[in-house]
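Undergrad: TSV, C-alpha atoms, file run11.tsv:
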chain	number	residue	atom	x	y	z
A	210	MET	CA	43.35	128.95	-82.87
A	211	ASN	CA	39.59	128.85	-82.81
A	212	ARG	CA	39.28	132.53	-83.77
A	213	ALA	CA	41.54	132.01	-86.79
A	214	TYR	CA	40.25	128.62	-87.97
A	215	ARG	CA	36.55	128.61	-87.03
A	216	PRO	CA	35.34	132.18	-86.47
A	217	PRO	CA	31.83	133.42	-87.11
A	218	SER	CA	31.48	134.48	-90.77
A	219	HIS	CA	31.60	138.22	-89.96
A	220	ALA	CA	35.04	137.82	-88.30
A	221	ALA	CA	36.66	135.41	-90.77
A	222	GLY	CA	40.07	135.99	-92.31
A	223	TRP	CA	41.43	134.22	-95.38
A	224	THR	CA	42.59	131.14	-93.46
A	225	HIS	CA	39.27	130.16	-91.92
A	226	GLU	CA	37.57	126.81	-92.47
A	227	SER	CA	34.17	127.63	-90.94
A	228	ASN	CA	32.50	126.85	-94.26
A	229	LEU	CA	34.12	123.38	-94.25
A	230	ILE	CA	34.07	122.21	-90.62
A	231	ALA	CA	31.75	122.93	-87.69
A	232	GLY	CA	32.84	123.11	-84.07
A	233	GLU	CA	36.01	124.15	-82.30
A	234	ARG	CA	39.40	123.44	-83.85
A	235	ILE	CA	40.97	122.78	-80.45
A	236	SER	CA	39.97	122.63	-76.79
A	237	THR	CA	41.80	123.95	-73.75
A	238	GLU	CA	42.59	120.38	-72.72
A	239	GLN	CA	44.09	119.62	-76.13
A	240	VAL	CA	46.30	122.72	-75.93
A	241	LEU	CA	47.47	121.79	-72.42
A	242	SER	CA	48.40	118.29	-73.63
A	243	LEU	CA	50.95	119.87	-76.01
A	244	PHE	CA	53.13	121.14	-73.19
A	245	HIS	CA	55.83	118.51	-72.80
A	246	GLU	CA	59.57	118.12	-73.38
A	247	HIS	CA	59.59	117.82	-77.18
A	248	SER	CA	56.76	120.22	-77.89
A	249	THR	CA	56.61	124.01	-77.97
A	250	ILE	CA	53.98	126.59	-78.78
A	251	LEU	CA	55.44	129.84	-80.06
A	252	LEU	CA	53.33	132.96	-79.50
A	253	LEU	CA	53.42	136.46	-80.90
A	254	ARG	CA	51.82	139.00	-78.60
A	255	LEU	CA	50.89	142.62	-79.07
A	256	GLY	CA	50.57	143.87	-75.50
A	257	GLN	CA	48.41	141.31	-73.74
A	258	GLU	CA	46.75	140.05	-76.93
A	259	ILE	CA	47.96	136.89	-78.66
A	260	VAL	CA	48.28	137.83	-82.34
A	261	ALA	CA	49.64	134.54	-83.72
A	262	CYS	CA	50.74	131.08	-82.66
A	263	VAL	CA	52.38	127.96	-84.04
A	264	HIS	CA	53.09	124.53	-82.55
A	265	VAL	CA	56.44	122.76	-83.08
A	266	GLN	CA	56.96	119.15	-82.02
A	267	GLY	CA	60.31	117.43	-82.34
A	268	GLY	CA	60.79	113.91	-83.57
A	269	LYS	CA	63.66	111.78	-84.82
A	270	SER	CA	65.60	114.19	-87.11
A	271	CYS	CA	62.30	115.82	-88.06
A	272	ALA	CA	59.77	118.20	-86.58
A	273	TYR	CA	56.05	118.62	-87.05
A	274	ILE	CA	54.77	122.17	-87.45
A	275	GLY	CA	51.07	122.79	-86.93
A	276	MET	CA	48.44	125.12	-85.53
A	277	LEU	CA	49.84	128.11	-87.41
A	278	ALA	CA	47.23	130.77	-86.76
A	279	THR	CA	47.01	134.55	-86.96
A	280	ASN	CA	44.26	136.74	-85.53
A	281	PRO	CA	41.84	137.26	-88.45
A	282	ALA	CA	41.96	141.05	-88.02
A	283	MET	CA	45.73	140.96	-88.56
A	284	GLN	CA	45.98	138.50	-91.45
A	285	ALA	CA	47.53	139.36	-94.84
A	286	GLN	CA	50.31	141.38	-93.15
A	287	GLY	CA	53.06	138.76	-93.34
A	288	ILE	CA	52.71	137.63	-89.71
A	289	GLY	CA	51.99	134.02	-90.67
A	290	LYS	CA	55.07	133.91	-92.91
A	291	GLN	CA	57.22	135.23	-90.07
A	292	MET	CA	55.74	132.78	-87.57
A	293	LEU	CA	56.44	129.90	-89.96
A	294	LEU	CA	60.06	131.05	-90.36
A	295	HIS	CA	60.44	131.20	-86.57
A	296	ALA	CA	58.90	127.74	-86.21
A	297	GLU	CA	61.29	126.31	-88.81
A	298	ALA	CA	64.31	127.93	-87.12
A	299	TYR	CA	63.15	126.69	-83.72
A	300	ALA	CA	62.72	123.15	-85.07
A	301	THR	CA	66.24	123.05	-86.49
A	302	GLN	CA	67.90	124.69	-83.49
A	303	HIS	CA	66.06	122.96	-80.64
A	304	PHE	CA	65.04	119.62	-82.16
A	305	ASN	CA	67.88	119.15	-84.70
A	306	ALA	CA	65.26	118.73	-87.40
A	307	SER	CA	66.48	118.29	-90.95
A	308	VAL	CA	62.96	117.60	-92.26
A	309	LEU	CA	59.91	119.72	-91.44
A	310	LYS	CA	56.45	118.14	-91.67
A	311	MET	CA	52.92	119.47	-91.60
A	312	SER	CA	49.36	118.65	-92.64
A	313	VAL	CA	46.75	120.59	-94.60
A	314	LEU	CA	43.12	119.83	-95.31
A	315	SER	CA	42.49	118.83	-98.93
A	316	SER	CA	39.70	121.39	-99.20
A	317	ARG	CA	42.11	124.28	-98.53
A	318	PRO	CA	43.91	124.85	-101.88
A	319	GLU	CA	44.84	128.43	-100.94
A	320	LEU	CA	46.58	127.21	-97.78
A	321	LEU	CA	48.31	124.40	-99.64
A	322	ALA	CA	49.60	126.98	-102.15
A	323	PHE	CA	50.83	129.18	-99.26
A	324	TYR	CA	52.98	126.33	-97.92
A	325	GLU	CA	54.16	125.23	-101.37
A	326	ARG	CA	55.44	128.78	-101.99
A	327	ARG	CA	57.52	128.31	-98.84
A	328	GLY	CA	59.16	125.11	-100.06
A	329	TYR	CA	56.82	122.43	-98.71
A	330	VAL	CA	55.89	119.57	-101.05
A	331	LEU	CA	53.12	117.00	-100.90
A	332	THR	CA	54.39	113.60	-99.77
A	333	GLY	CA	51.53	111.63	-101.30
A	334	GLN	CA	50.40	110.51	-97.84
A	335	VAL	CA	46.66	111.11	-97.49
A	336	GLU	CA	44.53	110.34	-94.44
A	337	GLU	CA	40.83	110.57	-93.77
A	338	TYR	CA	39.61	113.50	-91.69
A	339	PRO	CA	40.00	112.51	-88.00
A	340	LEU	CA	36.32	112.38	-87.03
A	341	LEU	CA	37.04	111.02	-83.55
A	342	ALA	CA	39.83	113.48	-82.66
A	343	ASP	CA	37.43	116.15	-81.34
A	344	VAL	CA	38.63	118.78	-83.85
A	345	GLY	CA	35.23	119.53	-85.41
A	346	GLN	CA	32.87	117.80	-87.80
A	347	PRO	CA	33.04	118.25	-91.59
A	348	ILE	CA	30.18	120.17	-93.19
A	349	ILE	CA	31.16	118.95	-96.66
A	350	THR	CA	32.09	115.43	-97.71
A	351	GLY	CA	35.44	114.16	-98.92
A	352	ILE	CA	37.76	116.22	-96.73
A	353	GLN	CA	41.12	114.52	-96.33
A	354	VAL	CA	44.37	115.39	-94.56
A	355	LEU	CA	47.36	115.88	-96.86
A	356	SER	CA	50.95	115.57	-95.59
A	357	LEU	CA	53.68	117.97	-96.64
A	358	GLU	CA	57.44	118.02	-96.02
A	359	LYS	CA	60.30	120.43	-96.46
A	360	VAL	CA	64.00	119.78	-96.14
A	361	SER	CA	65.30	122.35	-93.69
A	362	ALA	CA	67.22	125.22	-95.29
A	363	ASN	CA	69.41	125.32	-92.17
A	364	PRO	CA	70.21	121.70	-91.32
A	365	PRO	CA	71.36	121.09	-87.77
A	366	PHE	CA	75.04	121.50	-87.04
A	367	LYS	CA	76.84	118.15	-87.04
A	368	GLN	CA	80.07	118.04	-85.15
A	369	GLU	CA	83.02	116.35	-86.87
A	370	SER	CA	84.67	113.59	-84.86
How does this structure look as structure tokens?

TA:
Amino acid sequence: MNRAYRPPSHAAGWTHESNLIAGERISTEQVLSLFHEHSTILLLRLGQEIVACVHVQGGKSCAYIGMLATNPAMQAQGIGKQMLLHAEAYATQHFNASVLKMSVLSSRPELLAFYERRGYVLTGQVEEYPLLADVGQPIITGIQVLSLEKVSANPPFKQES
């Protein structure tokens, strides 16, 4: 996560936000807190190296998808698209999600466009950057968190009575 989102400038891929936010994106403790019954982190490994990851958390008929990250050296190869597809399938199969939700920083138009091309739409819900969440400090002013949703292409199977 930190390598993909906040790498040094010489190692940055197209998804980085090092020019927008300083500090780590996530700590070890924050990752460990995600391991519970309705939460899964999907990993793609090449040998022993983690190439990509995505977090899926189930809710009431919806799932939140976040932390989609690909090793900067392997970006622009379609890995992120495939990880997103796997996360969406996992959400519908394991959490019976009919709506998929996610958040994007307002200062990341290229990332917003990436998700919109995959069927996500802005909900109109906007929140201030979470300064107290220990996910880094903005370098520029006015960063907000935008919410997106997508109706699942494969709604959960509903058994007839």

Undergrad: Extract, using all atoms listed in the file, all DNA, RNA and protein residues at most 10 Å from Leu314 in chain A, discarding same-chain residues fewer than 2 positions from it, and format them as a ChimeraX atom specification.

TA: /A:226,229,312,316-318,320-321,335-338,352-356

Undergrad: Work out how far CA of Met276 in chain A is from CA of Phe244 in chain A, in Å to one decimal.

TA: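 We find that CA of Phe244 in chain A and CA of Met276 in chain A lie 13.8 Å from each other.
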
Undergrad: Smallest atom-to-atom distance to Val260 in chain A: which of A:Met210, A:Thr350, A:Ala296, A:Leu241, using all atoms listed in the file?

TA: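 Closest residue, counting all atoms listed in the file: A:Met210.
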
Undergrad: What is the distance, in Å and to one decimal place, between CA of Leu331 in chain A and CA of Ser236 in chain A?

TA: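 So the two atoms, CA of Leu331 in chain A and CA of Ser236 in chain A, lie 28.0 Å apart.
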
Undergrad: When you draw a straight line from CA of Gly256 in chain A to CA of Gly287 in chain A, how long is it in Å?

TA: 18.7 Å

Undergrad: Which is closer to Arg215 in chain A than all the others in A:Val344, A:Leu294, A:Leu251, A:Leu357, using all atoms listed in the file?

TA: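 Between A:Val344, A:Leu294, A:Leu251, A:Leu357, the residue approaching Arg215 in chain A most closely is A:Val344.
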
Undergrad: What's around Ala261 in chain A at 12 Å? Count only C-alpha atoms, leave out sequence neighbours fewer than 6 positions away in its own chain, and write the answer as a PyMOL selection string.

TA: chain A and resi 210-214+250-255+276-284+286-293+295-296

Undergrad: Output range 226-239 of chain A as a tab-separated table (two decimals), in the frame of the given file, making sure N, CA, C and O atoms are there.

TA:
chain	number	residue	atom	x	y	z
A	226	GLU	N	38.17	128.02	-91.90
A	226	GLU	CA	37.57	126.81	-92.47
A	226	GLU	C	36.16	126.61	-91.93
A	226	GLU	O	35.65	125.50	-91.93
A	227	SER	N	35.53	127.71	-91.49
A	227	SER	CA	34.17	127.63	-90.94
A	227	SER	C	33.16	127.12	-91.95
A	227	SER	O	32.15	126.54	-91.56
A	228	ASN	N	33.42	127.32	-93.22
A	228	ASN	CA	32.50	126.85	-94.26
A	228	ASN	C	32.73	125.37	-94.58
A	228	ASN	O	31.98	124.77	-95.34
A	229	LEU	N	33.78	124.78	-93.99
A	229	LEU	CA	34.12	123.38	-94.25
A	229	LEU	C	33.87	122.47	-93.04
A	229	LEU	O	33.51	121.31	-93.19
A	230	ILE	N	34.12	123.02	-91.84
A	230	ILE	CA	34.07	122.21	-90.62
A	230	ILE	C	33.37	122.99	-89.52
A	230	ILE	O	33.65	124.16	-89.30
A	231	ALA	N	32.47	122.33	-88.80
A	231	ALA	CA	31.75	122.93	-87.69
A	231	ALA	C	32.40	122.53	-86.37
A	231	ALA	O	32.97	121.45	-86.26
A	232	GLY	N	32.32	123.41	-85.40
A	232	GLY	CA	32.84	123.11	-84.07
A	232	GLY	C	34.22	123.71	-83.86
A	232	GLY	O	34.82	124.27	-84.77
A	233	GLU	N	34.70	123.60	-82.64
A	233	GLU	CA	36.01	124.15	-82.30
A	233	GLU	C	37.13	123.37	-82.96
A	233	GLU	O	37.05	122.16	-83.13
A	234	ARG	N	38.20	124.07	-83.29
A	234	ARG	CA	39.40	123.44	-83.85
A	234	ARG	C	40.19	122.73	-82.77
A	234	ARG	O	40.81	121.70	-82.98
A	235	ILE	N	40.19	123.34	-81.55
A	235	ILE	CA	40.97	122.78	-80.45
A	235	ILE	C	40.36	123.19	-79.13
A	235	ILE	O	39.76	124.27	-79.03
A	236	SER	N	40.48	122.33	-78.13
A	236	SER	CA	39.97	122.63	-76.79
A	236	SER	C	41.12	123.02	-75.88
A	236	SER	O	42.30	122.79	-76.20
A	237	THR	N	40.79	123.59	-74.75
A	237	THR	CA	41.80	123.95	-73.75
A	237	THR	C	42.59	122.72	-73.33
A	237	THR	O	43.82	122.77	-73.22
A	238	GLU	N	41.91	121.61	-73.13
A	238	GLU	CA	42.59	120.38	-72.72
A	238	GLU	C	43.58	119.91	-73.79
A	238	GLU	O	44.67	119.44	-73.48
A	239	GLN	N	43.20	120.03	-75.05
A	239	GLN	CA	44.09	119.62	-76.13
A	239	GLN	C	45.33	120.52	-76.19
A	239	GLN	O	46.43	120.04	-76.42
